[in-house]
file structure_18.txt (compact mmCIF, N, CA and C atoms)
# COMPACT_ATOMS: atom_id res chain seq x y z
N MET A 1 97.88 73.36 96.25
CA MET A 1 97.50 74.75 96.11
C MET A 1 96.99 75.27 97.45
N LEU A 2 97.40 76.48 97.79
CA LEU A 2 96.98 77.07 99.05
C LEU A 2 95.56 77.59 98.97
N ARG A 3 94.85 77.43 100.02
CA ARG A 3 93.53 78.02 100.11
C ARG A 3 93.70 79.50 100.45
N PRO A 4 92.70 80.36 100.14
CA PRO A 4 92.86 81.80 100.37
C PRO A 4 93.31 82.17 101.78
N LEU A 5 92.70 81.60 102.82
CA LEU A 5 93.09 81.95 104.18
C LEU A 5 94.52 81.51 104.45
N ALA A 6 94.88 80.33 104.00
CA ALA A 6 96.25 79.86 104.18
C ALA A 6 97.23 80.77 103.45
N ALA A 7 96.86 81.22 102.26
CA ALA A 7 97.73 82.12 101.50
C ALA A 7 97.94 83.42 102.26
N LEU A 8 96.89 83.95 102.86
CA LEU A 8 97.03 85.18 103.63
C LEU A 8 97.97 84.99 104.80
N LEU A 9 97.87 83.86 105.48
CA LEU A 9 98.74 83.60 106.63
C LEU A 9 100.18 83.41 106.20
N VAL A 10 100.41 82.74 105.08
CA VAL A 10 101.76 82.53 104.59
C VAL A 10 102.40 83.84 104.17
N LEU A 11 101.63 84.73 103.55
CA LEU A 11 102.17 85.98 103.03
C LEU A 11 102.25 87.08 104.08
N ALA A 12 101.67 86.87 105.24
CA ALA A 12 101.69 87.90 106.27
C ALA A 12 103.12 88.19 106.69
N ALA A 13 103.45 89.46 106.78
CA ALA A 13 104.79 89.88 107.16
C ALA A 13 104.83 90.19 108.64
N ALA A 14 106.02 90.07 109.22
CA ALA A 14 106.22 90.48 110.59
C ALA A 14 106.15 92.01 110.64
N PRO A 15 105.98 92.57 111.83
CA PRO A 15 105.97 94.03 111.91
C PRO A 15 107.18 94.63 111.21
N ALA A 16 106.93 95.67 110.45
CA ALA A 16 107.96 96.26 109.60
C ALA A 16 108.98 97.06 110.42
N PRO A 17 110.26 96.94 110.07
CA PRO A 17 111.30 97.64 110.82
C PRO A 17 111.58 99.04 110.29
N ALA A 18 110.70 99.64 109.53
CA ALA A 18 110.96 100.94 108.92
C ALA A 18 109.84 101.93 109.22
N PRO A 19 109.85 102.52 110.43
CA PRO A 19 108.76 103.43 110.77
C PRO A 19 108.69 104.65 109.85
N TRP A 20 109.79 105.04 109.23
CA TRP A 20 109.78 106.19 108.31
C TRP A 20 109.00 105.89 107.04
N LEU A 21 108.76 104.62 106.74
CA LEU A 21 108.01 104.26 105.56
C LEU A 21 106.51 104.12 105.86
N VAL A 22 106.18 103.91 107.12
CA VAL A 22 104.79 103.74 107.53
C VAL A 22 104.04 105.06 107.35
N GLY A 23 102.83 104.97 106.81
CA GLY A 23 102.00 106.15 106.63
C GLY A 23 101.26 106.12 105.32
N ASP A 24 100.82 107.29 104.88
CA ASP A 24 100.02 107.41 103.66
C ASP A 24 100.85 108.15 102.61
N TRP A 25 100.88 107.60 101.39
CA TRP A 25 101.72 108.12 100.31
C TRP A 25 100.89 108.28 99.04
N PHE A 26 101.03 109.44 98.39
CA PHE A 26 100.31 109.71 97.15
C PHE A 26 101.32 109.93 96.02
N GLY A 27 101.01 109.34 94.86
CA GLY A 27 101.86 109.52 93.70
C GLY A 27 101.04 109.55 92.43
N GLN A 28 101.71 109.96 91.36
CA GLN A 28 101.04 110.05 90.07
C GLN A 28 102.01 109.64 88.98
N GLY A 29 101.51 108.83 88.03
CA GLY A 29 102.30 108.45 86.87
C GLY A 29 102.60 106.97 86.81
N GLN A 30 102.34 106.39 85.66
CA GLN A 30 102.64 105.00 85.37
C GLN A 30 103.34 104.98 84.01
N PRO A 31 104.01 103.91 83.66
CA PRO A 31 104.74 103.90 82.38
C PRO A 31 103.89 104.24 81.17
N TYR A 32 102.65 103.78 81.12
CA TYR A 32 101.82 104.02 79.94
C TYR A 32 100.70 105.02 80.19
N ASP A 33 100.66 105.61 81.39
CA ASP A 33 99.62 106.58 81.70
C ASP A 33 100.14 107.53 82.78
N ARG A 34 100.66 108.65 82.36
CA ARG A 34 101.24 109.62 83.30
C ARG A 34 100.20 110.24 84.22
N SER A 35 98.91 110.10 83.89
CA SER A 35 97.87 110.70 84.73
C SER A 35 97.35 109.74 85.80
N GLU A 36 97.72 108.47 85.75
CA GLU A 36 97.24 107.53 86.77
C GLU A 36 97.78 107.92 88.13
N MET A 37 96.96 107.75 89.17
CA MET A 37 97.33 108.12 90.53
C MET A 37 97.23 106.91 91.44
N TRP A 38 97.90 107.00 92.57
CA TRP A 38 97.75 105.97 93.59
C TRP A 38 97.88 106.59 94.97
N LEU A 39 97.21 105.95 95.91
CA LEU A 39 97.26 106.33 97.31
C LEU A 39 97.53 105.05 98.09
N ALA A 40 98.72 104.99 98.70
CA ALA A 40 99.13 103.79 99.44
C ALA A 40 99.06 104.04 100.93
N HIS A 41 98.47 103.09 101.65
CA HIS A 41 98.40 103.12 103.11
C HIS A 41 99.33 102.01 103.60
N ILE A 42 100.48 102.40 104.13
CA ILE A 42 101.48 101.45 104.61
C ILE A 42 101.38 101.40 106.12
N LYS A 43 101.03 100.25 106.65
CA LYS A 43 100.74 100.12 108.07
C LYS A 43 101.92 99.48 108.82
N PRO A 44 102.06 99.80 110.10
CA PRO A 44 103.21 99.29 110.87
C PRO A 44 103.20 97.77 111.07
N ASN A 45 102.06 97.12 110.90
CA ASN A 45 102.01 95.66 111.08
C ASN A 45 102.41 94.92 109.79
N GLY A 46 102.84 95.66 108.76
CA GLY A 46 103.27 95.04 107.51
C GLY A 46 102.19 94.98 106.45
N GLU A 47 100.99 95.46 106.76
CA GLU A 47 99.90 95.46 105.78
C GLU A 47 100.03 96.68 104.87
N ILE A 48 99.59 96.51 103.62
CA ILE A 48 99.53 97.63 102.68
C ILE A 48 98.21 97.57 101.93
N GLN A 49 97.61 98.74 101.75
CA GLN A 49 96.39 98.88 100.94
C GLN A 49 96.65 100.02 99.97
N VAL A 50 96.36 99.78 98.69
CA VAL A 50 96.62 100.79 97.67
C VAL A 50 95.38 100.97 96.81
N GLN A 51 95.04 102.24 96.57
CA GLN A 51 93.97 102.60 95.65
C GLN A 51 94.64 103.21 94.42
N PHE A 52 94.30 102.70 93.25
CA PHE A 52 94.78 103.25 91.99
C PHE A 52 93.62 103.92 91.28
N ARG A 53 93.88 105.05 90.64
CA ARG A 53 92.82 105.74 89.89
C ARG A 53 93.33 106.08 88.50
N THR A 54 92.59 105.62 87.50
CA THR A 54 92.82 105.98 86.11
C THR A 54 91.64 106.83 85.68
N CYS A 55 91.92 107.91 84.96
CA CYS A 55 90.85 108.79 84.48
C CYS A 55 90.63 108.53 83.00
N ALA A 56 89.41 108.18 82.63
CA ALA A 56 89.05 107.94 81.23
C ALA A 56 87.85 108.81 80.89
N LYS A 57 88.08 109.78 80.01
CA LYS A 57 87.03 110.70 79.59
C LYS A 57 86.36 111.36 80.80
N GLY A 58 87.20 111.77 81.77
CA GLY A 58 86.71 112.48 82.94
C GLY A 58 86.10 111.61 84.02
N LYS A 59 86.07 110.29 83.83
CA LYS A 59 85.49 109.39 84.83
C LYS A 59 86.59 108.58 85.51
N ALA A 60 86.42 108.37 86.80
CA ALA A 60 87.40 107.63 87.58
C ALA A 60 87.16 106.12 87.48
N LEU A 61 88.23 105.41 87.19
CA LEU A 61 88.23 103.94 87.24
C LEU A 61 89.19 103.57 88.35
N ASP A 62 88.65 103.08 89.47
CA ASP A 62 89.47 102.77 90.63
C ASP A 62 89.72 101.27 90.75
N LYS A 63 90.90 100.95 91.27
CA LYS A 63 91.30 99.58 91.54
C LYS A 63 91.90 99.57 92.94
N TYR A 64 91.61 98.52 93.71
CA TYR A 64 92.10 98.42 95.07
C TYR A 64 92.91 97.14 95.23
N GLU A 65 94.10 97.29 95.82
CA GLU A 65 94.96 96.14 96.07
C GLU A 65 95.30 96.08 97.55
N GLY A 66 95.44 94.87 98.05
CA GLY A 66 95.80 94.69 99.45
C GLY A 66 96.82 93.58 99.59
N GLY A 67 97.68 93.72 100.57
CA GLY A 67 98.70 92.70 100.80
C GLY A 67 99.63 93.09 101.93
N TRP A 68 100.91 92.74 101.74
CA TRP A 68 101.91 92.89 102.80
C TRP A 68 103.19 93.48 102.22
N TRP A 69 103.87 94.28 103.01
CA TRP A 69 105.12 94.88 102.58
C TRP A 69 106.23 94.52 103.55
N SER A 70 107.46 94.55 103.05
CA SER A 70 108.63 94.35 103.90
C SER A 70 109.77 95.15 103.30
N LEU A 71 110.77 95.41 104.11
CA LEU A 71 111.92 96.19 103.67
C LEU A 71 113.19 95.49 104.12
N SER A 72 114.13 95.35 103.19
CA SER A 72 115.44 94.80 103.50
C SER A 72 116.48 95.70 102.84
N GLY A 73 117.20 96.46 103.66
CA GLY A 73 118.12 97.45 103.10
C GLY A 73 117.31 98.49 102.36
N ASN A 74 117.62 98.70 101.07
CA ASN A 74 116.86 99.66 100.27
C ASN A 74 115.90 98.96 99.31
N THR A 75 115.59 97.69 99.58
CA THR A 75 114.67 96.93 98.73
C THR A 75 113.34 96.73 99.45
N GLU A 76 112.28 97.28 98.84
CA GLU A 76 110.93 97.11 99.37
C GLU A 76 110.22 96.05 98.55
N THR A 77 109.68 95.06 99.24
CA THR A 77 108.94 93.99 98.58
C THR A 77 107.48 94.11 98.99
N ILE A 78 106.61 94.11 97.98
CA ILE A 78 105.17 94.19 98.23
C ILE A 78 104.56 92.91 97.69
N ARG A 79 103.92 92.17 98.58
CA ARG A 79 103.24 90.93 98.20
C ARG A 79 101.74 91.22 98.14
N ILE A 80 101.25 91.41 96.94
CA ILE A 80 99.83 91.67 96.74
C ILE A 80 99.07 90.35 96.90
N VAL A 81 97.99 90.39 97.66
CA VAL A 81 97.16 89.21 97.87
C VAL A 81 95.84 89.36 97.14
N THR A 82 95.22 90.55 97.24
CA THR A 82 93.91 90.75 96.62
C THR A 82 93.93 91.97 95.68
N VAL A 83 93.15 91.86 94.63
CA VAL A 83 92.88 92.97 93.72
C VAL A 83 91.37 93.06 93.59
N ASN A 84 90.83 94.20 93.99
CA ASN A 84 89.38 94.41 94.00
C ASN A 84 88.64 93.29 94.73
N GLY A 85 89.22 92.85 95.84
CA GLY A 85 88.58 91.84 96.69
C GLY A 85 88.76 90.39 96.25
N LEU A 86 89.39 90.16 95.11
CA LEU A 86 89.62 88.81 94.62
C LEU A 86 91.06 88.39 94.88
N ILE A 87 91.27 87.13 95.18
CA ILE A 87 92.62 86.63 95.41
C ILE A 87 93.38 86.68 94.09
N TYR A 88 94.47 87.44 94.08
CA TYR A 88 95.27 87.62 92.87
C TYR A 88 96.72 87.88 93.30
N PRO A 89 97.41 86.84 93.78
CA PRO A 89 98.74 87.05 94.36
C PRO A 89 99.82 87.37 93.32
N ARG A 90 100.69 88.30 93.71
CA ARG A 90 101.88 88.62 92.94
C ARG A 90 102.86 89.32 93.87
N THR A 91 104.09 89.40 93.47
CA THR A 91 105.10 90.08 94.26
C THR A 91 105.76 91.15 93.40
N ASP A 92 105.82 92.37 93.93
CA ASP A 92 106.48 93.49 93.28
C ASP A 92 107.66 93.92 94.14
N THR A 93 108.79 94.19 93.50
CA THR A 93 110.00 94.57 94.22
C THR A 93 110.49 95.92 93.71
N TYR A 94 110.84 96.79 94.64
CA TYR A 94 111.27 98.15 94.32
C TYR A 94 112.60 98.44 95.02
N THR A 95 113.44 99.24 94.38
CA THR A 95 114.64 99.76 95.00
C THR A 95 114.37 101.20 95.39
N ILE A 96 114.50 101.51 96.67
CA ILE A 96 114.29 102.87 97.13
C ILE A 96 115.55 103.66 96.81
N LEU A 97 115.39 104.70 95.99
CA LEU A 97 116.52 105.51 95.56
C LEU A 97 116.78 106.66 96.54
N THR A 98 115.73 107.35 96.95
CA THR A 98 115.83 108.39 97.97
C THR A 98 114.57 108.37 98.81
N GLN A 99 114.72 108.78 100.08
CA GLN A 99 113.59 108.80 101.01
C GLN A 99 113.98 109.76 102.12
N ASN A 100 113.15 110.80 102.32
CA ASN A 100 113.47 111.75 103.39
C ASN A 100 112.34 111.90 104.41
N GLY A 101 111.39 110.97 104.39
CA GLY A 101 110.26 111.04 105.31
C GLY A 101 109.07 111.81 104.75
N ARG A 102 109.30 112.66 103.76
CA ARG A 102 108.22 113.43 103.12
C ARG A 102 108.05 113.05 101.66
N LYS A 103 109.11 112.60 101.04
CA LYS A 103 109.10 112.24 99.62
C LYS A 103 109.98 111.02 99.43
N GLN A 104 109.53 110.13 98.54
CA GLN A 104 110.37 108.97 98.22
C GLN A 104 110.39 108.75 96.71
N VAL A 105 111.52 108.30 96.25
CA VAL A 105 111.72 107.97 94.84
C VAL A 105 112.18 106.53 94.81
N TYR A 106 111.52 105.70 93.99
CA TYR A 106 111.85 104.29 93.98
C TYR A 106 111.68 103.72 92.58
N ARG A 107 112.47 102.68 92.28
CA ARG A 107 112.49 102.05 90.95
C ARG A 107 111.87 100.66 91.03
N TYR A 108 110.91 100.42 90.13
CA TYR A 108 110.30 99.09 90.01
C TYR A 108 111.34 98.20 89.35
N GLN A 109 111.78 97.16 90.04
CA GLN A 109 112.88 96.35 89.54
C GLN A 109 112.57 95.63 88.24
N ARG A 110 111.33 95.23 88.03
CA ARG A 110 110.98 94.48 86.83
C ARG A 110 111.14 95.30 85.55
N THR A 111 110.74 96.60 85.61
CA THR A 111 110.75 97.42 84.39
C THR A 111 111.76 98.56 84.41
N GLY A 112 112.23 98.94 85.60
CA GLY A 112 113.14 100.07 85.71
C GLY A 112 112.42 101.40 85.82
N PHE A 113 111.08 101.41 85.76
CA PHE A 113 110.33 102.66 85.85
C PHE A 113 110.51 103.27 87.23
N VAL A 114 110.76 104.59 87.28
CA VAL A 114 110.98 105.29 88.54
C VAL A 114 109.69 106.03 88.95
N TYR A 115 109.27 105.79 90.18
CA TYR A 115 108.08 106.40 90.75
C TYR A 115 108.49 107.40 91.83
N THR A 116 107.64 108.39 92.05
CA THR A 116 107.83 109.35 93.14
C THR A 116 106.51 109.47 93.88
N SER A 117 106.58 109.44 95.20
CA SER A 117 105.37 109.67 95.99
C SER A 117 105.69 110.60 97.15
N SER A 118 104.65 111.25 97.65
CA SER A 118 104.79 112.20 98.75
C SER A 118 103.89 111.77 99.90
N ARG A 119 104.39 112.02 101.11
CA ARG A 119 103.60 111.70 102.29
C ARG A 119 102.39 112.63 102.37
N VAL A 120 101.24 112.06 102.68
CA VAL A 120 100.02 112.84 102.88
C VAL A 120 99.43 112.44 104.23
N ASP A 121 98.53 113.24 104.76
CA ASP A 121 97.94 112.88 106.05
C ASP A 121 96.80 111.90 105.86
N GLY A 122 96.34 111.32 106.95
CA GLY A 122 95.32 110.28 106.91
C GLY A 122 93.97 110.72 106.39
N THR A 123 93.75 112.04 106.26
CA THR A 123 92.47 112.52 105.73
C THR A 123 92.53 112.80 104.23
N PHE A 124 93.69 112.63 103.63
CA PHE A 124 93.86 112.91 102.20
C PHE A 124 92.95 112.01 101.38
N GLU A 125 92.30 112.60 100.38
CA GLU A 125 91.46 111.83 99.45
C GLU A 125 92.02 111.95 98.05
N MET A 126 91.86 110.90 97.28
CA MET A 126 92.32 110.89 95.91
C MET A 126 91.65 112.03 95.13
N PRO A 127 92.41 112.82 94.35
CA PRO A 127 91.80 113.89 93.56
C PRO A 127 90.80 113.34 92.55
N SER A 128 89.82 114.16 92.23
CA SER A 128 88.85 113.76 91.21
C SER A 128 89.51 113.85 89.84
N CYS A 129 88.94 113.19 88.88
CA CYS A 129 89.48 113.25 87.52
C CYS A 129 89.36 114.65 86.93
N GLU A 130 88.33 115.39 87.31
CA GLU A 130 88.17 116.74 86.80
C GLU A 130 89.30 117.64 87.31
N ALA A 131 89.81 117.37 88.50
CA ALA A 131 90.86 118.20 89.09
C ALA A 131 92.20 117.99 88.41
N VAL A 132 92.40 116.86 87.76
CA VAL A 132 93.70 116.57 87.17
C VAL A 132 93.67 116.61 85.66
N SER A 133 92.52 116.83 85.03
CA SER A 133 92.50 116.85 83.56
C SER A 133 92.63 118.24 83.02
call {"tool": "encode", "arguments": {"input": "structure_18.txt", "output": "structure tokens"}}
result
Amino acid sequence: MLRPLAALLVLAAAPAPAPWLVGDWFGQGQPYDRSEMWLAHIKPNGEIQVQFRTCAKGKALDKYEGGWWSLSGNTETIRIVTVNGLIYPRTDTYTILTQNGRKQVYRYQRTGFVYTSSRVDGTFEMPSCEAVS
């Protein structure tokens, strides 16, 4: 079994060859909760950090994931290493359906669910639950 530091080194990706994907992306909607939101920070060194927000009775329940991303053709692979600071490795694979630098549409290969996200600037903050209810 890999130790946490070793796992991080093994999962580290080389610098990503897709500068159009690098940046901050905001989206809304999950298969069982159309109001759930996420804000993904995709970095040029292959690192990814994602904040998820679920609203329950007007209160925000946030979850944070960190890991590494890579792109091969139109397939984006995200290797999650941590969830809320705890080691919780998994791999998620998506097919990018459309991408124009401002908006992307992609399908989660495991379930077929289609997500849409839009590019936001680095100062963008996740909306409050009151703003979306």
call {"tool": "residues_around", "arguments": {"input": "structure_18.txt", "residues": "A:Glu36", "least_positions_apart": "2", "cutoff": "8 Å", "atoms": "only C-alpha atoms", "output": "list of chain:residue names"}}
result
A:Gln28, A:Gly29, A:Gln30, A:Asp33, A:Arg34, A:Trp38, A:Phe52, A:Arg53, A:Thr54, A:Cys55
call {"tool": "atom_distance", "arguments": {"input": "structure_18.txt", "atom1": "atom N of A:Glu65", "atom2": "atom C of A:Gly122"}}
result
17.1 Å
call {"tool": "atom_distance", "arguments": {"input": "structure_18.txt", "atom1": "atom CA of A:Val120", "atom2": "atom N of A:Lys63"}}
result
19.0 Å
call {"tool": "select_by_dssp", "arguments": {"input": "structure_18.txt", "residues": "stretch 8-111 of chain A", "states": "alpha helix (DSSP H)", "output": "PyMOL selection string"}}
result
chain A and resi 8-11
call {"tool": "select_by_dssp", "arguments": {"input": "structure_18.txt", "residues": "stretch 27-97 of chain A", "states": "strand (DSSP E or B)", "output": "VMD selection string"}}
result
chain A and resid 27 to 30 33 to 42 47 to 56 59 to 72 75 to 83 86 to 97
call {"tool": "atom_distance", "arguments": {"input": "structure_18.txt", "atom1": "atom CA of A:Asn100", "atom2": "atom CA of A:Thr123"}}
result
21.1 Å
call {"tool": "residues_near_point", "arguments": {"input": "structure_18.txt", "point": "(117.2, 97.0, 101.1)", "cutoff": "12 Å", "atoms": "only C-alpha atoms", "output": "list in words"}}
result
Pro17, Ala18, Ser70, Leu71, Ser72, Gly73, Asn74, Thr75, Glu76, Thr77, Thr93, Tyr94, Thr95, Ile96, Leu97, Thr98 and Tyr106 of chain A
call {"tool": "write_last_selection", "arguments": {"input": "structure_18.txt", "atoms": "N, CA and C atoms", "output": "short mmCIF file (atom, residue, chain, number, x, y, z; two decimals), in the frame of the given file"}}
result
data_model
loop_
_atom_site.label_atom_id
_atom_site.label_comp_id
_atom_site.auth_asym_id
_atom_site.auth_seq_id
_atom_site.Cartn_x
_atom_site.Cartn_y
_atom_site.Cartn_z
N PRO A 17 110.26 96.94 110.07
CA PRO A 17 111.30 97.64 110.82
C PRO A 17 111.58 99.04 110.29
N ALA A 18 110.70 99.64 109.53
CA ALA A 18 110.96 100.94 108.92
C ALA A 18 109.84 101.93 109.22
N SER A 70 107.46 94.55 103.05
CA SER A 70 108.63 94.35 103.90
C SER A 70 109.77 95.15 103.30
N LEU A 71 110.77 95.41 104.11
CA LEU A 71 111.92 96.19 103.67
C LEU A 71 113.19 95.49 104.12
N SER A 72 114.13 95.35 103.19
CA SER A 72 115.44 94.80 103.50
C SER A 72 116.48 95.70 102.84
N GLY A 73 117.20 96.46 103.66
CA GLY A 73 118.12 97.45 103.10
C GLY A 73 117.31 98.49 102.36
N ASN A 74 117.62 98.70 101.07
CA ASN A 74 116.86 99.66 100.27
C ASN A 74 115.90 98.96 99.31
N THR A 75 115.59 97.69 99.58
CA THR A 75 114.67 96.93 98.73
C THR A 75 113.34 96.73 99.45
N GLU A 76 112.28 97.28 98.84
CA GLU A 76 110.93 97.11 99.37
C GLU A 76 110.22 96.05 98.55
N THR A 77 109.68 95.06 99.24
CA THR A 77 108.94 93.99 98.58
C THR A 77 107.48 94.11 98.99
N THR A 93 108.79 94.19 93.50
CA THR A 93 110.00 94.57 94.22
C THR A 93 110.49 95.92 93.71
N TYR A 94 110.84 96.79 94.64
CA TYR A 94 111.27 98.15 94.32
C TYR A 94 112.60 98.44 95.02
N THR A 95 113.44 99.24 94.38
CA THR A 95 114.64 99.76 95.00
C THR A 95 114.37 101.20 95.39
N ILE A 96 114.50 101.51 96.67
CA ILE A 96 114.29 102.87 97.13
C ILE A 96 115.55 103.66 96.81
N LEU A 97 115.39 104.70 95.99
CA LEU A 97 116.52 105.51 95.56
C LEU A 97 116.78 106.66 96.54
N THR A 98 115.73 107.35 96.95
CA THR A 98 115.83 108.39 97.97
C THR A 98 114.57 108.37 98.81
N TYR A 106 111.52 105.70 93.99
CA TYR A 106 111.85 104.29 93.98
C TYR A 106 111.68 103.72 92.58
#
call {"tool": "closest_residue", "arguments": {"input": "structure_18.txt", "among": "A:Pro19, A:Phe26, A:Gln99, A:Thr91", "to": "A:Arg119", "atoms": "only C-alpha atoms"}}
result
A:Phe26
call {"tool": "residues_near_point", "arguments": {"input": "structure_18.txt", "point": "(105.6, 99.1, 106.4)", "cutoff": "12 Å", "atoms": "only C-alpha atoms", "output": "ChimeraX atom specification"}}
result
/A:12-25,40-49,67-72,76-79
call {"tool": "residues_around", "arguments": {"input": "structure_18.txt", "residues": "A:Ser128", "least_positions_apart": "6", "cutoff": "8 Å", "atoms": "all atoms listed in the file", "output": "JSON, numbers by chain"}}
result
{"A": [55, 58, 59, 60]}
call {"tool": "closest_residue", "arguments": {"input": "structure_18.txt", "among": "A:Met126, A:Lys103, A:Ile87, A:Thr111", "to": "A:Met37", "atoms": "all atoms listed in the file"}}
result
A:Met126
call {"tool": "build_atoms", "arguments": {"input": "structure_18.txt", "residues": "stretch 48-61 of chain A", "atoms": "N, CA, C and O atoms", "output": "CSV table (one decimal), in the frame of the given file"}}
result
chain,number,residue,atom,x,y,z
A,48,ILE,N,99.6,96.5,103.6
A,48,ILE,CA,99.5,97.6,102.7
A,48,ILE,C,98.2,97.6,101.9
A,48,ILE,O,97.7,96.5,101.6
A,49,GLN,N,97.6,98.7,101.8
A,49,GLN,CA,96.4,98.9,100.9
A,49,GLN,C,96.6,100.0,100.0
A,49,GLN,O,97.1,101.1,100.4
A,50,VAL,N,96.4,99.8,98.7
A,50,VAL,CA,96.6,100.8,97.7
A,50,VAL,C,95.4,101.0,96.8
A,50,VAL,O,94.8,100.0,96.4
A,51,GLN,N,95.0,102.2,96.6
A,51,GLN,CA,94.0,102.6,95.6
A,51,GLN,C,94.6,103.2,94.4
A,51,GLN,O,95.5,104.1,94.5
A,52,PHE,N,94.3,102.7,93.2
A,52,PHE,CA,94.8,103.2,92.0
A,52,PHE,C,93.6,103.9,91.3
A,52,PHE,O,92.5,103.4,91.3
A,53,ARG,N,93.9,105.0,90.6
A,53,ARG,CA,92.8,105.7,89.9
A,53,ARG,C,93.3,106.1,88.5
A,53,ARG,O,94.4,106.7,88.3
A,54,THR,N,92.6,105.6,87.5
A,54,THR,CA,92.8,106.0,86.1
A,54,THR,C,91.6,106.8,85.7
A,54,THR,O,90.5,106.5,86.0
A,55,CYS,N,91.9,107.9,85.0
A,55,CYS,CA,90.8,108.8,84.5
A,55,CYS,C,90.6,108.5,83.0
A,55,CYS,O,91.6,108.6,82.2
A,56,ALA,N,89.4,108.2,82.6
A,56,ALA,CA,89.0,107.9,81.2
A,56,ALA,C,87.8,108.8,80.9
A,56,ALA,O,86.8,108.6,81.4
A,57,LYS,N,88.1,109.8,80.0
A,57,LYS,CA,87.0,110.7,79.6
A,57,LYS,C,86.4,111.4,80.8
A,57,LYS,O,85.1,111.5,80.9
A,58,GLY,N,87.2,111.8,81.8
A,58,GLY,CA,86.7,112.5,82.9
A,58,GLY,C,86.1,111.6,84.0
A,58,GLY,O,85.7,112.1,85.0
A,59,LYS,N,86.1,110.3,83.8
A,59,LYS,CA,85.5,109.4,84.8
A,59,LYS,C,86.6,108.6,85.5
A,59,LYS,O,87.5,108.1,84.9
A,60,ALA,N,86.4,108.4,86.8
A,60,ALA,CA,87.4,107.6,87.6
A,60,ALA,C,87.2,106.1,87.5
A,60,ALA,O,86.0,105.7,87.6
A,61,LEU,N,88.2,105.4,87.2
A,61,LEU,CA,88.2,103.9,87.2
A,61,LEU,C,89.2,103.6,88.4
A,61,LEU,O,90.4,103.8,88.2
